[in-house]
Structure formats: C-alpha cells, structure tokens
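Novice: Below is the file start.cif, which contains mmCIF, N, CA and C atoms.
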data_protein
#
loop_
_atom_site.label_atom_id
_atom_site.label_comp_id
_atom_site.auth_asym_id
_atom_site.auth_seq_id
_atom_site.Cartn_x
_atom_site.Cartn_y
_atom_site.Cartn_z
N MET A 14 0.84 -1.17 0.00
CA MET A 14 0.00 0.00 0.00
C MET A 14 0.89 1.24 0.00
N THR A 15 0.55 2.21 -0.86
CA THR A 15 1.32 3.43 -1.00
C THR A 15 0.46 4.63 -0.64
N LEU A 16 1.02 5.54 0.12
CA LEU A 16 0.33 6.78 0.46
C LEU A 16 0.16 7.61 -0.79
N GLU A 17 -1.09 7.98 -1.11
CA GLU A 17 -1.34 8.74 -2.33
C GLU A 17 -1.32 10.24 -2.11
N ASN A 18 -1.87 10.72 -0.99
CA ASN A 18 -1.83 12.16 -0.71
C ASN A 18 -2.18 12.43 0.75
N ILE A 19 -1.88 13.63 1.16
CA ILE A 19 -2.18 14.10 2.51
C ILE A 19 -2.82 15.46 2.37
N ARG A 20 -3.89 15.68 3.12
CA ARG A 20 -4.53 17.00 3.11
C ARG A 20 -4.58 17.53 4.54
N VAL A 21 -4.26 18.78 4.67
CA VAL A 21 -4.28 19.43 5.97
C VAL A 21 -5.20 20.64 5.86
N GLY A 22 -6.12 20.74 6.78
CA GLY A 22 -7.03 21.88 6.78
C GLY A 22 -7.05 22.53 8.15
N MET A 23 -7.43 23.77 8.16
CA MET A 23 -7.54 24.49 9.43
C MET A 23 -8.94 24.26 9.98
N ARG A 24 -9.02 23.80 11.20
CA ARG A 24 -10.31 23.60 11.85
C ARG A 24 -10.71 24.91 12.51
N PRO A 25 -11.92 25.40 12.25
CA PRO A 25 -12.33 26.65 12.90
C PRO A 25 -12.44 26.44 14.40
N MET A 26 -11.85 27.32 15.17
CA MET A 26 -11.91 27.23 16.62
C MET A 26 -12.12 28.64 17.15
N PRO A 27 -13.26 28.90 17.79
CA PRO A 27 -13.49 30.22 18.37
C PRO A 27 -12.36 30.59 19.35
N GLU A 28 -12.01 31.86 19.39
CA GLU A 28 -10.87 32.29 20.20
C GLU A 28 -11.04 32.01 21.68
N ASP A 29 -12.28 31.93 22.18
CA ASP A 29 -12.48 31.62 23.59
C ASP A 29 -12.64 30.12 23.85
N GLY A 30 -12.61 29.32 22.79
CA GLY A 30 -12.71 27.87 22.93
C GLY A 30 -14.13 27.35 23.05
N TYR A 31 -15.11 28.23 23.09
CA TYR A 31 -16.51 27.83 23.23
C TYR A 31 -17.23 27.97 21.90
N PRO A 32 -18.32 27.22 21.71
CA PRO A 32 -19.03 27.27 20.44
C PRO A 32 -19.57 28.65 20.08
N ILE A 33 -19.80 28.84 18.79
CA ILE A 33 -20.54 29.99 18.27
C ILE A 33 -21.73 29.38 17.54
N VAL A 34 -22.94 29.75 17.97
CA VAL A 34 -24.15 29.21 17.37
C VAL A 34 -25.17 30.32 17.21
N GLY A 35 -25.73 30.47 16.02
CA GLY A 35 -26.80 31.43 15.80
C GLY A 35 -26.63 32.19 14.50
N PHE A 36 -27.64 33.00 14.21
CA PHE A 36 -27.61 33.82 13.01
C PHE A 36 -26.54 34.90 13.13
N HIS A 37 -25.90 35.21 12.02
CA HIS A 37 -24.92 36.29 11.97
C HIS A 37 -25.67 37.61 12.09
N ASP A 38 -25.12 38.55 12.83
CA ASP A 38 -25.78 39.83 13.07
C ASP A 38 -25.87 40.72 11.83
N GLN A 39 -24.94 40.57 10.89
CA GLN A 39 -24.87 41.48 9.75
C GLN A 39 -25.10 40.83 8.40
N ILE A 40 -25.07 39.50 8.33
CA ILE A 40 -25.27 38.82 7.05
C ILE A 40 -26.58 38.04 7.14
N LYS A 41 -27.62 38.58 6.52
CA LYS A 41 -28.96 38.01 6.59
C LYS A 41 -28.96 36.58 6.06
N GLY A 42 -29.51 35.67 6.85
CA GLY A 42 -29.67 34.29 6.44
C GLY A 42 -28.49 33.38 6.76
N LEU A 43 -27.37 33.93 7.22
CA LEU A 43 -26.21 33.10 7.55
C LEU A 43 -26.33 32.61 8.99
N TYR A 44 -26.37 31.29 9.15
CA TYR A 44 -26.45 30.68 10.48
C TYR A 44 -25.13 29.97 10.75
N LEU A 45 -24.53 30.25 11.88
CA LEU A 45 -23.23 29.67 12.24
C LEU A 45 -23.40 28.59 13.31
N ALA A 46 -22.66 27.52 13.15
CA ALA A 46 -22.57 26.48 14.18
C ALA A 46 -21.12 26.01 14.17
N VAL A 47 -20.28 26.70 14.93
CA VAL A 47 -18.84 26.44 14.95
C VAL A 47 -18.47 25.95 16.34
N MET A 48 -17.88 24.76 16.41
CA MET A 48 -17.50 24.20 17.70
C MET A 48 -16.45 23.12 17.49
N HIS A 49 -15.83 22.71 18.56
CA HIS A 49 -14.84 21.64 18.52
C HIS A 49 -15.52 20.37 18.00
N ALA A 50 -14.84 19.65 17.15
CA ALA A 50 -15.43 18.46 16.52
C ALA A 50 -15.86 17.40 17.53
N ALA A 51 -15.25 17.36 18.67
CA ALA A 51 -15.55 16.30 19.64
C ALA A 51 -16.58 16.73 20.69
N ILE A 52 -17.22 17.86 20.47
CA ILE A 52 -18.18 18.33 21.47
C ILE A 52 -19.31 17.31 21.63
N THR A 53 -19.63 17.00 22.85
CA THR A 53 -20.64 15.97 23.11
C THR A 53 -22.06 16.50 23.04
N LEU A 54 -22.22 17.81 22.95
CA LEU A 54 -23.55 18.40 22.88
C LEU A 54 -24.04 18.60 21.45
N ALA A 55 -23.33 18.08 20.47
CA ALA A 55 -23.69 18.30 19.08
C ALA A 55 -25.12 17.91 18.75
N PRO A 56 -25.65 16.77 19.22
CA PRO A 56 -27.04 16.45 18.92
C PRO A 56 -28.02 17.49 19.47
N LEU A 57 -27.77 17.98 20.67
CA LEU A 57 -28.64 18.99 21.26
C LEU A 57 -28.53 20.31 20.49
N VAL A 58 -27.31 20.73 20.20
CA VAL A 58 -27.11 21.98 19.46
C VAL A 58 -27.80 21.89 18.10
N SER A 59 -27.72 20.74 17.46
CA SER A 59 -28.36 20.57 16.16
C SER A 59 -29.87 20.75 16.26
N ARG A 60 -30.48 20.15 17.26
CA ARG A 60 -31.93 20.28 17.45
C ARG A 60 -32.33 21.73 17.71
N LEU A 61 -31.56 22.40 18.55
CA LEU A 61 -31.87 23.79 18.88
C LEU A 61 -31.66 24.70 17.67
N ALA A 62 -30.61 24.44 16.89
CA ALA A 62 -30.35 25.23 15.69
C ALA A 62 -31.48 25.06 14.67
N VAL A 63 -31.95 23.85 14.50
CA VAL A 63 -33.07 23.60 13.58
C VAL A 63 -34.29 24.38 14.03
N LYS A 64 -34.56 24.39 15.32
CA LYS A 64 -35.71 25.14 15.86
C LYS A 64 -35.56 26.63 15.52
N GLU A 65 -34.35 27.19 15.72
CA GLU A 65 -34.13 28.60 15.42
C GLU A 65 -34.31 28.90 13.94
N ILE A 66 -33.78 28.05 13.10
CA ILE A 66 -33.82 28.28 11.66
C ILE A 66 -35.24 28.11 11.11
N ILE A 67 -35.88 27.02 11.45
CA ILE A 67 -37.21 26.71 10.90
C ILE A 67 -38.29 27.62 11.47
N GLU A 68 -38.25 27.84 12.80
CA GLU A 68 -39.30 28.62 13.45
C GLU A 68 -38.96 30.10 13.58
N ASN A 69 -37.74 30.48 13.16
CA ASN A 69 -37.29 31.87 13.23
C ASN A 69 -37.45 32.45 14.64
N VAL A 70 -36.96 31.71 15.62
CA VAL A 70 -36.99 32.14 17.02
C VAL A 70 -35.59 32.06 17.60
N GLN A 71 -35.38 32.71 18.73
CA GLN A 71 -34.11 32.56 19.45
C GLN A 71 -34.34 31.65 20.65
N VAL A 72 -33.54 30.61 20.74
CA VAL A 72 -33.63 29.66 21.84
C VAL A 72 -32.70 30.12 22.96
N ASP A 73 -33.25 30.32 24.14
CA ASP A 73 -32.47 30.86 25.26
C ASP A 73 -31.24 30.02 25.60
N GLU A 74 -31.31 28.71 25.41
CA GLU A 74 -30.19 27.83 25.76
C GLU A 74 -28.93 28.14 24.95
N LEU A 75 -29.06 28.81 23.82
CA LEU A 75 -27.90 29.12 22.98
C LEU A 75 -27.39 30.54 23.19
N ASN A 76 -28.01 31.32 24.03
CA ASN A 76 -27.67 32.74 24.17
C ASN A 76 -26.20 32.99 24.53
N SER A 77 -25.60 32.16 25.35
CA SER A 77 -24.20 32.40 25.74
C SER A 77 -23.22 32.02 24.63
N TRP A 78 -23.70 31.44 23.54
CA TRP A 78 -22.84 31.03 22.44
C TRP A 78 -23.02 31.87 21.19
N ARG A 79 -23.68 33.01 21.30
CA ARG A 79 -23.91 33.86 20.13
C ARG A 79 -22.63 34.55 19.68
N LEU A 80 -22.55 34.85 18.40
CA LEU A 80 -21.40 35.57 17.86
C LEU A 80 -21.22 36.91 18.55
N SER A 81 -22.30 37.48 19.02
CA SER A 81 -22.24 38.79 19.68
C SER A 81 -21.41 38.78 20.96
N LYS A 82 -21.05 37.61 21.48
CA LYS A 82 -20.20 37.56 22.68
C LYS A 82 -18.83 38.18 22.42
N PHE A 83 -18.44 38.30 21.14
CA PHE A 83 -17.16 38.91 20.81
C PHE A 83 -17.26 40.40 20.54
N SER A 84 -18.47 40.94 20.53
CA SER A 84 -18.66 42.38 20.30
C SER A 84 -18.22 43.17 21.49
N VAL A 85 -17.59 44.29 21.23
CA VAL A 85 -17.13 45.15 22.32
C VAL A 85 -18.04 46.32 22.45
#
Take the structure in the file and write it out as structure tokens.
Specialist:
Amino acid sequence: MTLENIRVGMRPMPEDGYPIVGFHDQIKGLYLAVMHAAITLAPLVSRLAVKEIIENVQVDELNSWRLSKFSV
C-alpha cells in the first residue's frame, strides 16, 4: 500500500474555545454552528439550531454562544 496524498485543513476554533451558534448579526440568512469536533452536545445543538432556523426564534439555551459575545 502506498500513500497517495495528505490534506491538511484548518479547523475553525473560536478564540475563547466555546461554540458559536446562531444567526450572523450582519449577514442576513447566515447561520453559524462552529465548535470543537468532539463536542458531546452536538445532537442537542443541532436540534436547537433547527428550531431557530425553521421557526425563526431565538432559543435561550444558545444565548451564551452567540457571535455577539465577541462584540465590544
């Protein structure tokens, strides 16, 4: 067996190490779900994100993970 190729990519990681979940404040329709690949809450975050996107509501459980946490 011979190695054919190697690919290296940058994994997005929020600067505070915590997820970013929710609609972008300035780009209409852009929904972000950025988190460590091994996060164990991914099924819950997915369900909550679907609720926000489909029902156009903000789910309180995601409030501490909004992109706005980086706003000064």
Novice: Can you turn the PyMOL selection byres (((chain A and resi 66 and name CA) around 10) and name CA) into a concrete residue list for this file, as a PyMOL selection string?
Specialist: chain A and resi 35-36+42-44+61-65+67-71
Novice: Measuring atom to atom with only C-alpha atoms, identify which of A:Ile40, A:Met14, A:Val72, A:Met48 is nearest to Glu28 in chain A.
Specialist: A:Met48
Novice: Do you know which residues are at most 12 Å from Asp29 in chain A counting only C-alpha atoms, after dropping those on the same chain fewer than 6 positions away, and could you put them as a short mmCIF file (atom, residue, chain, number, x, y, z; two decimals) with N, CA and C atoms, keeping the file's coordinate frame?
Specialist:
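Below you can see part01.cif, which holds the result:
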data_model
loop_
_atom_site.label_atom_id
_atom_site.label_comp_id
_atom_site.auth_asym_id
_atom_site.auth_seq_id
_atom_site.Cartn_x
_atom_site.Cartn_y
_atom_site.Cartn_z
N VAL A 47 -20.28 26.70 14.93
CA VAL A 47 -18.84 26.44 14.95
C VAL A 47 -18.47 25.95 16.34
N MET A 48 -17.88 24.76 16.41
CA MET A 48 -17.50 24.20 17.70
C MET A 48 -16.45 23.12 17.49
N HIS A 49 -15.83 22.71 18.56
CA HIS A 49 -14.84 21.64 18.52
C HIS A 49 -15.52 20.37 18.00
N SER A 77 -25.60 32.16 25.35
CA SER A 77 -24.20 32.40 25.74
C SER A 77 -23.22 32.02 24.63
N TRP A 78 -23.70 31.44 23.54
CA TRP A 78 -22.84 31.03 22.44
C TRP A 78 -23.02 31.87 21.19
N LEU A 80 -22.55 34.85 18.40
CA LEU A 80 -21.40 35.57 17.86
C LEU A 80 -21.22 36.91 18.55
N LYS A 82 -21.05 37.61 21.48
CA LYS A 82 -20.20 37.56 22.68
C LYS A 82 -18.83 38.18 22.42
N PHE A 83 -18.44 38.30 21.14
CA PHE A 83 -17.16 38.91 20.81
C PHE A 83 -17.26 40.40 20.54
#
Novice: Just checking: using all atoms listed in the file, which residue out of A:Glu74, A:Ala46, A:Arg60, A:Ala55 ends up closest to Pro32 in chain A?
Specialist: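 Closest candidate: A:Ala46.
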Novice: Report the residues of chain A whose backbone DSSP state falls under helix (DSSP H, G or I), written as an MDAnalysis selection string.
Specialist: chainID A and resid 55:68 73:78 80:83
Novice: Could you jot down the atom C of Leu57 in chain A to atom N of Arg24 in chain A separation for me, Å, one decimal place?
Specialist: 21.9 Å
Novice: Please measure the separation of CA of Arg79 in chain A and CA of Gly22 in chain A, giving the value in Å to one decimal.
Specialist: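 Computing it gives 24.6 Å between the two atoms.
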Novice: What gap, in Å, lies between atom C of Pro25 in chain A and CA of Leu45 in chain A?
Specialist: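 CA of Leu45 in chain A lies 11.5 Å from atom C of Pro25 in chain A.
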